[in-house]
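What follows is the content of work_20.cif, which has mmCIF, C-alpha atoms:
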```cif
data_input
loop_
_atom_site.label_atom_id
_atom_site.label_comp_id
_atom_site.auth_asym_id
_atom_site.auth_seq_id
_atom_site.Cartn_x
_atom_site.Cartn_y
_atom_site.Cartn_z
CA MET R 1 0.00 0.00 0.00
CA ALA R 2 1.33 3.45 -0.93
CA LEU R 3 2.49 5.77 1.79
CA VAL R 4 -0.02 8.38 2.86
CA ASP R 5 0.86 12.07 2.71
CA ALA R 6 -0.71 13.49 5.90
CA GLY R 7 -0.83 16.91 4.24
CA ARG R 8 -3.45 15.61 1.80
CA LEU R 9 -5.95 14.92 4.59
CA SER R 10 -7.81 18.13 3.80
CA ASP R 11 -11.43 16.92 3.83
CA ARG R 12 -13.40 17.66 6.99
CA LEU R 13 -15.33 14.50 7.86
CA THR R 14 -18.16 14.08 10.33
CA VAL R 15 -18.29 10.78 12.21
CA LEU R 16 -21.89 9.68 12.74
CA CYS R 17 -23.38 7.37 15.33
CA LEU R 18 -26.91 6.01 15.60
CA ASP R 19 -29.08 7.61 18.28
CA ARG R 20 -32.22 6.06 19.78
CA GLU R 21 -35.01 8.10 21.34
CA GLU R 22 -38.23 6.67 22.78
CA ASP R 23 -41.42 8.62 23.42
CA GLU R 24 -42.45 7.88 27.01
CA GLU R 25 -46.14 8.36 26.28
CA THR R 26 -46.59 6.50 23.01
CA GLY R 27 -43.61 4.13 23.09
CA GLU R 28 -42.67 5.23 19.57
CA VAL R 29 -38.95 4.87 18.86
CA THR R 30 -36.94 7.16 16.60
CA TYR R 31 -33.49 6.29 15.29
CA ARG R 32 -31.36 8.94 13.65
CA TRP R 33 -27.76 9.54 12.63
CA LEU R 34 -26.13 12.16 14.83
CA PRO R 35 -22.66 13.75 14.63
CA MET R 36 -20.23 12.26 17.14
CA ASP R 37 -16.87 13.70 16.09
CA ARG R 38 -15.07 15.53 13.32
CA ARG R 39 -11.83 14.35 11.73
CA TRP R 40 -9.59 15.37 8.87
CA GLY R 41 -9.30 12.87 6.06
CA ARG R 42 -9.24 12.38 2.31
CA VAL R 43 -12.27 11.29 0.28
CA GLU R 44 -11.70 9.74 -3.13
CA LEU R 45 -14.73 8.70 -5.17
CA GLY R 46 -14.17 5.70 -7.38
CA THR R 47 -15.66 4.66 -10.69
CA GLY R 48 -16.71 1.19 -9.55
CA ARG R 49 -19.58 -0.15 -7.46
CA ASN R 50 -19.49 -0.92 -3.76
CA LEU R 51 -21.70 -3.94 -3.00
CA PHE R 52 -22.88 -2.67 0.37
CA SER R 53 -26.04 -4.77 0.03
CA GLN R 54 -26.08 -8.56 -0.26
CA VAL R 55 -29.38 -8.65 -2.15
CA GLY R 56 -29.43 -5.28 -3.90
CA ILE R 57 -27.25 -3.57 -6.47
CA GLY R 58 -24.28 -1.54 -5.32
CA ALA R 59 -23.63 2.17 -4.99
CA ARG R 60 -20.70 4.34 -6.04
CA ASP R 61 -17.49 3.26 -4.36
CA ALA R 62 -15.42 5.57 -2.18
CA ALA R 63 -12.02 5.30 -0.52
CA ILE R 64 -11.55 7.38 2.63
CA THR R 65 -8.28 7.84 4.50
CA LEU R 66 -7.83 9.37 7.94
CA ARG R 67 -5.46 9.07 10.85
CA ASP R 68 -6.08 5.89 12.80
CA TYR R 69 -9.18 6.33 14.89
CA PRO R 70 -11.57 3.97 16.77
CA LEU R 71 -14.07 3.93 13.93
CA ALA R 72 -16.32 0.87 13.56
CA LEU R 73 -18.59 -0.45 10.83
CA HIS R 74 -21.67 0.52 12.84
CA ASN R 75 -20.67 4.18 12.33
CA ALA R 76 -21.11 6.25 9.19
CA LEU R 77 -19.26 9.21 7.73
CA ALA R 78 -20.58 12.43 6.22
CA HIS R 79 -18.82 14.93 3.99
CA ARG R 80 -20.33 17.97 2.26
CA GLY R 81 -23.85 16.68 2.71
CA ARG R 82 -23.00 13.20 1.42
CA HIS R 83 -23.51 10.03 3.46
CA PHE R 84 -20.99 7.21 3.34
CA PHE R 85 -22.02 3.68 4.33
CA LEU R 86 -18.91 1.91 5.70
CA THR R 87 -18.20 -1.56 4.31
CA SER R 88 -14.64 -2.34 5.43
CA LEU R 89 -11.85 -0.90 7.58
CA ASP R 90 -8.15 -1.52 7.04
CA ARG R 91 -5.51 -0.69 9.67
CA PRO R 92 -2.14 -1.61 8.13
CA GLY R 93 -0.16 -0.26 11.07
CA ASP R 94 1.10 2.86 9.34
CA GLY R 95 -0.85 5.19 11.63
CA PHE R 96 -3.69 5.61 9.15
CA LEU R 97 -7.13 4.11 8.74
CA HIS R 98 -8.27 3.14 5.24
CA VAL R 99 -12.02 2.96 4.80
CA HIS R 100 -13.99 1.45 1.95
CA ALA R 101 -17.48 2.93 1.74
CA ALA R 102 -20.52 3.32 -0.47
CA LEU R 103 -21.88 6.75 -1.35
CA VAL R 104 -25.60 6.39 -0.59
CA ARG R 105 -28.72 8.45 -0.11
CA VAL R 106 -30.32 8.04 3.31
CA THR R 107 -34.05 8.66 3.76
CA GLU R 108 -36.25 8.57 6.84
CA TRP R 109 -38.76 5.72 7.03
CA GLN R 110 -41.55 4.72 9.38
CA ALA R 111 -42.61 1.17 10.21
CA THR R 112 -46.03 -0.02 11.31
CA ARG R 113 -45.66 -3.29 13.16
CA HIS R 114 -48.01 -5.85 14.73
CA LYS R 115 -47.68 -8.76 17.10
CA ALA R 116 -49.82 -11.85 16.51
CA ARG R 117 -51.65 -13.55 19.38
CA LEU R 118 -54.53 -15.97 19.88
CA ASP R 119 -57.79 -14.45 21.07
CA LYS R 120 -59.02 -17.11 23.51
CA SER R 121 -62.28 -15.26 24.03
CA GLY R 122 -62.93 -15.36 20.29
CA GLY R 123 -62.44 -19.04 19.57
CA ASN R 124 -58.65 -18.92 19.48
CA ARG R 125 -58.62 -16.89 16.31
CA GLN R 126 -55.42 -15.05 15.52
CA VAL R 127 -55.47 -11.28 15.97
CA GLN R 128 -52.83 -8.64 15.28
CA ASP R 129 -52.05 -6.21 18.08
CA PRO R 130 -50.39 -2.96 16.93
CA LEU R 131 -46.91 -2.20 18.27
CA PRO R 132 -45.48 1.31 18.70
CA ALA R 133 -44.24 2.76 15.43
CA ILE R 134 -40.55 3.17 14.75
CA ARG R 135 -38.84 5.80 12.61
CA PHE R 136 -35.44 5.08 11.19
CA PRO R 137 -32.88 6.03 8.52
CA ALA R 138 -32.46 3.59 5.64
CA VAL R 139 -30.98 3.17 2.20
CA ILE R 140 -33.23 1.82 -0.55
CA THR R 141 -31.72 0.17 -3.61
CA GLU R 142 -32.86 -1.88 -6.56
CA LEU R 143 -32.96 -5.61 -5.95
CA TYR R 144 -30.37 -7.72 -7.71
CA LEU R 145 -32.25 -9.42 -10.55
CA GLY R 146 -31.41 -12.87 -9.22
CA ASN R 147 -33.40 -12.06 -6.08
CA THR R 148 -36.48 -10.82 -7.92
CA PRO R 149 -39.23 -13.44 -8.27
CA PRO R 150 -41.07 -13.69 -11.58
CA GLN R 151 -44.17 -11.51 -11.70
CA GLU R 152 -47.57 -12.68 -12.81
CA LEU R 153 -48.81 -11.00 -15.95
CA ASP R 154 -51.32 -8.41 -14.81
CA HIS R 155 -52.07 -5.46 -17.05
CA ALA R 156 -54.02 -3.68 -14.30
CA ARG R 157 -51.34 -3.71 -11.58
CA THR R 158 -47.59 -3.45 -11.35
CA GLU R 159 -45.34 -4.65 -8.56
CA SER R 160 -42.22 -2.86 -7.28
CA ARG R 161 -39.58 -4.63 -5.21
CA PHE R 162 -36.56 -3.12 -3.51
CA ALA R 163 -33.93 -3.84 -0.88
CA LEU R 164 -34.11 -1.68 2.25
CA VAL R 165 -30.82 -1.51 4.19
CA THR R 166 -31.06 -0.36 7.81
CA PRO R 167 -28.92 -0.23 10.93
CA PRO R 168 -29.03 -3.55 12.85
CA GLU R 169 -31.07 -1.96 15.64
CA VAL R 170 -34.07 -1.68 13.29
CA ILE R 171 -35.92 -4.98 13.70
CA LEU R 172 -38.79 -5.70 11.34
CA ALA R 173 -40.76 -8.82 10.49
CA PRO R 174 -42.47 -10.13 7.34
CA GLY R 175 -45.82 -8.44 6.96
CA ASP R 176 -44.77 -5.18 8.62
CA LEU R 177 -45.51 -2.02 6.66
CA VAL R 178 -42.79 0.53 5.95
CA THR R 179 -43.42 4.00 4.58
CA ALA R 180 -41.10 6.32 2.71
CA PRO R 181 -41.90 10.05 2.95
CA PRO R 182 -43.08 12.13 -0.03
CA HIS R 183 -39.68 13.79 -0.40
CA ALA R 184 -38.15 10.35 -1.13
CA GLY R 185 -39.05 10.89 -4.77
CA GLY R 186 -39.96 7.92 -6.94
CA VAL R 187 -39.82 5.44 -4.05
CA ALA R 188 -42.23 7.30 -1.77
CA GLY R 189 -45.14 5.21 -0.53
CA VAL R 190 -46.09 2.21 1.60
CA TYR R 191 -44.36 -1.16 1.20
CA VAL R 192 -44.77 -4.61 2.74
CA VAL R 193 -41.75 -6.35 4.28
CA GLU R 194 -41.42 -9.66 2.46
CA VAL R 195 -38.04 -11.18 3.39
CA CYS R 196 -35.63 -10.36 6.23
CA HIS R 197 -31.83 -10.82 6.04
CA CYS R 198 -30.47 -10.46 9.57
CA LEU R 199 -27.15 -12.33 9.73
CA ASP R 200 -24.87 -9.32 9.28
CA GLU R 201 -24.10 -7.79 12.67
CA HIS R 202 -23.58 -4.34 11.15
CA LYS R 203 -26.78 -4.00 9.13
CA ARG R 204 -30.13 -5.55 8.33
CA GLU R 205 -31.62 -5.93 4.88
CA TYR R 206 -35.28 -6.25 4.04
CA GLN R 207 -36.84 -7.12 0.72
CA ILE R 208 -39.92 -4.94 0.38
CA TYR R 209 -42.64 -4.63 -2.24
CA ARG R 210 -45.77 -2.76 -3.16
CA LYS R 211 -48.47 -3.20 -5.77
CA GLU R 212 -49.85 -0.29 -7.72
CA ASP R 213 -52.63 0.20 -10.22
CA VAL R 214 -51.37 1.00 -13.71
#
```
Using structure tokens, write down the structure from this file.
Amino acid sequence: MALVDAGRLSDRLTVLCLDREEDEETGEVTYRWLPMDRRWGRVELGTGRNLFSQVGIGARDAAITLRDYPLALHNALAHRGRHFFLTSLDRPGDGFLHVHAALVRVTEWQATRHKARLDKSGGNRQVQDPLPAIRFPAVITELYLGNTPPQELDHARTESRFALVTPPEVILAPGDLVTAPPHAGGVAGVYVVEVCHCLDEHKREYQIYRKEDV
């Protein structure tokens, strides 16, 4: 690895950590990225793709260098209004930290969740009790084609499927509803959680879908 010129660390980076806030009255939980520290570094955008998602397509790759610092993959970095999703950290022992990251767009989502139980007073029928809503930051990306099931031919409705990548603290279940705000652009709307991928300790991935009238 080439030697790093410390004088080239001229980009002011913001280290982000995930914050959790719970409403004492409603039980609603809000997660958000908050600034934790500021460090000097160097941001170099690549021309390739960073496969930050296991089931979705990648985002633009970035290489970030800063003096060695106790950064972890559960953090994120921000620079000039851009959000960097960390995918690997390399500490070669030269006093510097080399970060591989994906340049992503983070949007705020809300989840409506339910917990199933048997209603013994109603003949043991299953009912869904609502749970407090959660609000959280997430990255939405197109599903890799190999993970997209074939769609039934229906000229009246169309189906959209995406991968939703969240911090590991955001726990959803199949059947939960997630909503992207109007300012999210073409992905705004309500989706159903279809598949959960929860083995990565630094993130969770959810395959989500919605059906729309054509």
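Using only C-alpha atoms, the smallest distance between any of R:Arg67, R:Arg135, R:His197, R:Arg82 and Arg20 (chain R) comes from R:Arg135.
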Can you pull out the residues contacting Val195 (chain R)? Cut-off 10 Å, using all atoms listed in the file, and skip same-chain residues under 4 positions away; I want them as a PDB file with C-alpha atoms, in the coordinates of the input.
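For reference, selection-v5.pdb as written:
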```pdb
ATOM      1  CA  ALA R 163     -33.930  -3.840  -0.880  1.00  0.00           C
ATOM      2  CA  LEU R 172     -38.790  -5.700  11.340  1.00  0.00           C
ATOM      3  CA  ALA R 173     -40.760  -8.820  10.490  1.00  0.00           C
ATOM      4  CA  PRO R 174     -42.470 -10.130   7.340  1.00  0.00           C
ATOM      5  CA  GLY R 175     -45.820  -8.440   6.960  1.00  0.00           C
ATOM      6  CA  GLU R 205     -31.620  -5.930   4.880  1.00  0.00           C
ATOM      7  CA  TYR R 206     -35.280  -6.250   4.040  1.00  0.00           C
ATOM      8  CA  GLN R 207     -36.840  -7.120   0.720  1.00  0.00           C
ATOM      9  CA  ILE R 208     -39.920  -4.940   0.380  1.00  0.00           C
ATOM     10  CA  TYR R 209     -42.640  -4.630  -2.240  1.00  0.00           C
TER      11      TYR R 209
END
```
So that I can check the surroundings of Asn75 (chain R), please list as JSON, numbers by chain every protein, DNA and RNA residue that reaches within 6 Å of it, counting only C-alpha atoms and ignoring chain neighbours fewer than 2 positions away. {"R": [16, 17, 72, 73]}
Box for region 181-199 of chain R - axis-aligned, 3 Å on each of the six sides, all listed atoms - centre and size in Å to one decimal, as JSON.
```
{"center_x": -36.6, "center_y": 0.7, "center_z": 1.4, "size_x": 24.9, "size_y": 32.1, "size_z": 22.7}
```
Dig up all the protein and nucleic acid residues within 12 Å of (-30.1, 5.2, 13.1) in the file frame, using only C-alpha atoms, and format them as a PyMOL selection string. chain R and resi 16-21+29-35+74-76+106-109+134-139+165-171+202-204
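Coordinates place CA of Ala188 (chain R) at a distance of 13.7 Å from CA of Arg105 (chain R).
When the PyMOL selection byres ((chain R and resi 44-52) around 6) is evaluated on the file shown here, the picked residues come out as Val43, Ser53, Gly58, Ala59, Arg60, Asp61, Ala62, Ala63 and Ala102 of chain R.
Between CA of His114 (chain R) and CA of Pro132 (chain R) lies a distance of 8.6 Å.
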Give the answer as one residue: which of R:Gln128, R:Thr26, R:Thr179, R:Thr65 has the shortest atom-to-atom distance to Gln110 (chain R), using only C-alpha atoms? R:Thr179
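Separating CA of Val178 (chain R) from CA of Glu142 (chain R) is a distance of 16.2 Å.
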Using all atoms listed in the file, which of the listed residues (R:Cys196, R:Leu131, R:Val99, R:Ala116) sits closest to Glu28 (chain R)? R:Leu131
How would region 93-109 of chain R look with N, CA and C atoms restored, written as a PDB file, keeping the file's coordinate frame?
```pdb
ATOM      1  N   GLY R  93      -1.215  -0.521  10.104  1.00  0.00           N
ATOM      2  CA  GLY R  93      -0.160  -0.260  11.070  1.00  0.00           C
ATOM      3  C   GLY R  93       0.728   0.903  10.713  1.00  0.00           C
ATOM      4  N   ASP R  94       0.299   1.708   9.741  1.00  0.00           N
ATOM      5  CA  ASP R  94       1.100   2.860   9.340  1.00  0.00           C
ATOM      6  C   ASP R  94       0.601   4.148   9.993  1.00  0.00           C
ATOM      7  N   GLY R  95      -0.315   4.012  10.948  1.00  0.00           N
ATOM      8  CA  GLY R  95      -0.850   5.190  11.630  1.00  0.00           C
ATOM      9  C   GLY R  95      -2.082   5.764  10.959  1.00  0.00           C
ATOM     10  N   PHE R  96      -2.529   5.118   9.881  1.00  0.00           N
ATOM     11  CA  PHE R  96      -3.690   5.610   9.150  1.00  0.00           C
ATOM     12  C   PHE R  96      -4.776   4.535   9.089  1.00  0.00           C
ATOM     13  N   LEU R  97      -5.984   4.993   8.887  1.00  0.00           N
ATOM     14  CA  LEU R  97      -7.130   4.110   8.740  1.00  0.00           C
ATOM     15  C   LEU R  97      -7.656   4.265   7.313  1.00  0.00           C
ATOM     16  N   HIS R  98      -7.791   3.141   6.619  1.00  0.00           N
ATOM     17  CA  HIS R  98      -8.270   3.140   5.240  1.00  0.00           C
ATOM     18  C   HIS R  98      -9.668   2.542   5.213  1.00  0.00           C
ATOM     19  N   VAL R  99     -10.605   3.331   4.746  1.00  0.00           N
ATOM     20  CA  VAL R  99     -12.020   2.960   4.800  1.00  0.00           C
ATOM     21  C   VAL R  99     -12.548   2.760   3.385  1.00  0.00           C
ATOM     22  N   HIS R 100     -13.235   1.650   3.190  1.00  0.00           N
ATOM     23  CA  HIS R 100     -13.990   1.450   1.950  1.00  0.00           C
ATOM     24  C   HIS R 100     -15.453   1.730   2.286  1.00  0.00           C
ATOM     25  N   ALA R 101     -16.116   2.504   1.437  1.00  0.00           N
ATOM     26  CA  ALA R 101     -17.480   2.930   1.740  1.00  0.00           C
ATOM     27  C   ALA R 101     -18.292   3.048   0.456  1.00  0.00           C
ATOM     28  N   ALA R 102     -19.598   3.108   0.632  1.00  0.00           N
ATOM     29  CA  ALA R 102     -20.520   3.320  -0.470  1.00  0.00           C
ATOM     30  C   ALA R 102     -21.171   4.687  -0.294  1.00  0.00           C
ATOM     31  N   LEU R 103     -21.208   5.444  -1.367  1.00  0.00           N
ATOM     32  CA  LEU R 103     -21.880   6.750  -1.350  1.00  0.00           C
ATOM     33  C   LEU R 103     -23.367   6.499  -1.565  1.00  0.00           C
ATOM     34  N   VAL R 104     -24.174   6.751  -0.536  1.00  0.00           N
ATOM     35  CA  VAL R 104     -25.600   6.390  -0.590  1.00  0.00           C
ATOM     36  C   VAL R 104     -26.461   7.590  -0.218  1.00  0.00           C
ATOM     37  N   ARG R 105     -27.734   7.451  -0.524  1.00  0.00           N
ATOM     38  CA  ARG R 105     -28.720   8.450  -0.110  1.00  0.00           C
ATOM     39  C   ARG R 105     -29.537   7.840   1.030  1.00  0.00           C
ATOM     40  N   VAL R 106     -29.571   8.516   2.152  1.00  0.00           N
ATOM     41  CA  VAL R 106     -30.320   8.040   3.310  1.00  0.00           C
ATOM     42  C   VAL R 106     -31.649   8.790   3.392  1.00  0.00           C
ATOM     43  N   THR R 107     -32.740   8.052   3.570  1.00  0.00           N
ATOM     44  CA  THR R 107     -34.050   8.660   3.760  1.00  0.00           C
ATOM     45  C   THR R 107     -34.662   8.162   5.059  1.00  0.00           C
ATOM     46  N   GLU R 108     -35.604   8.926   5.585  1.00  0.00           N
ATOM     47  CA  GLU R 108     -36.250   8.570   6.840  1.00  0.00           C
ATOM     48  C   GLU R 108     -37.513   7.756   6.563  1.00  0.00           C
ATOM     49  N   TRP R 109     -37.631   6.619   7.220  1.00  0.00           N
ATOM     50  CA  TRP R 109     -38.760   5.720   7.030  1.00  0.00           C
ATOM     51  C   TRP R 109     -39.525   5.554   8.335  1.00  0.00           C
TER      52      TRP R 109
END
```
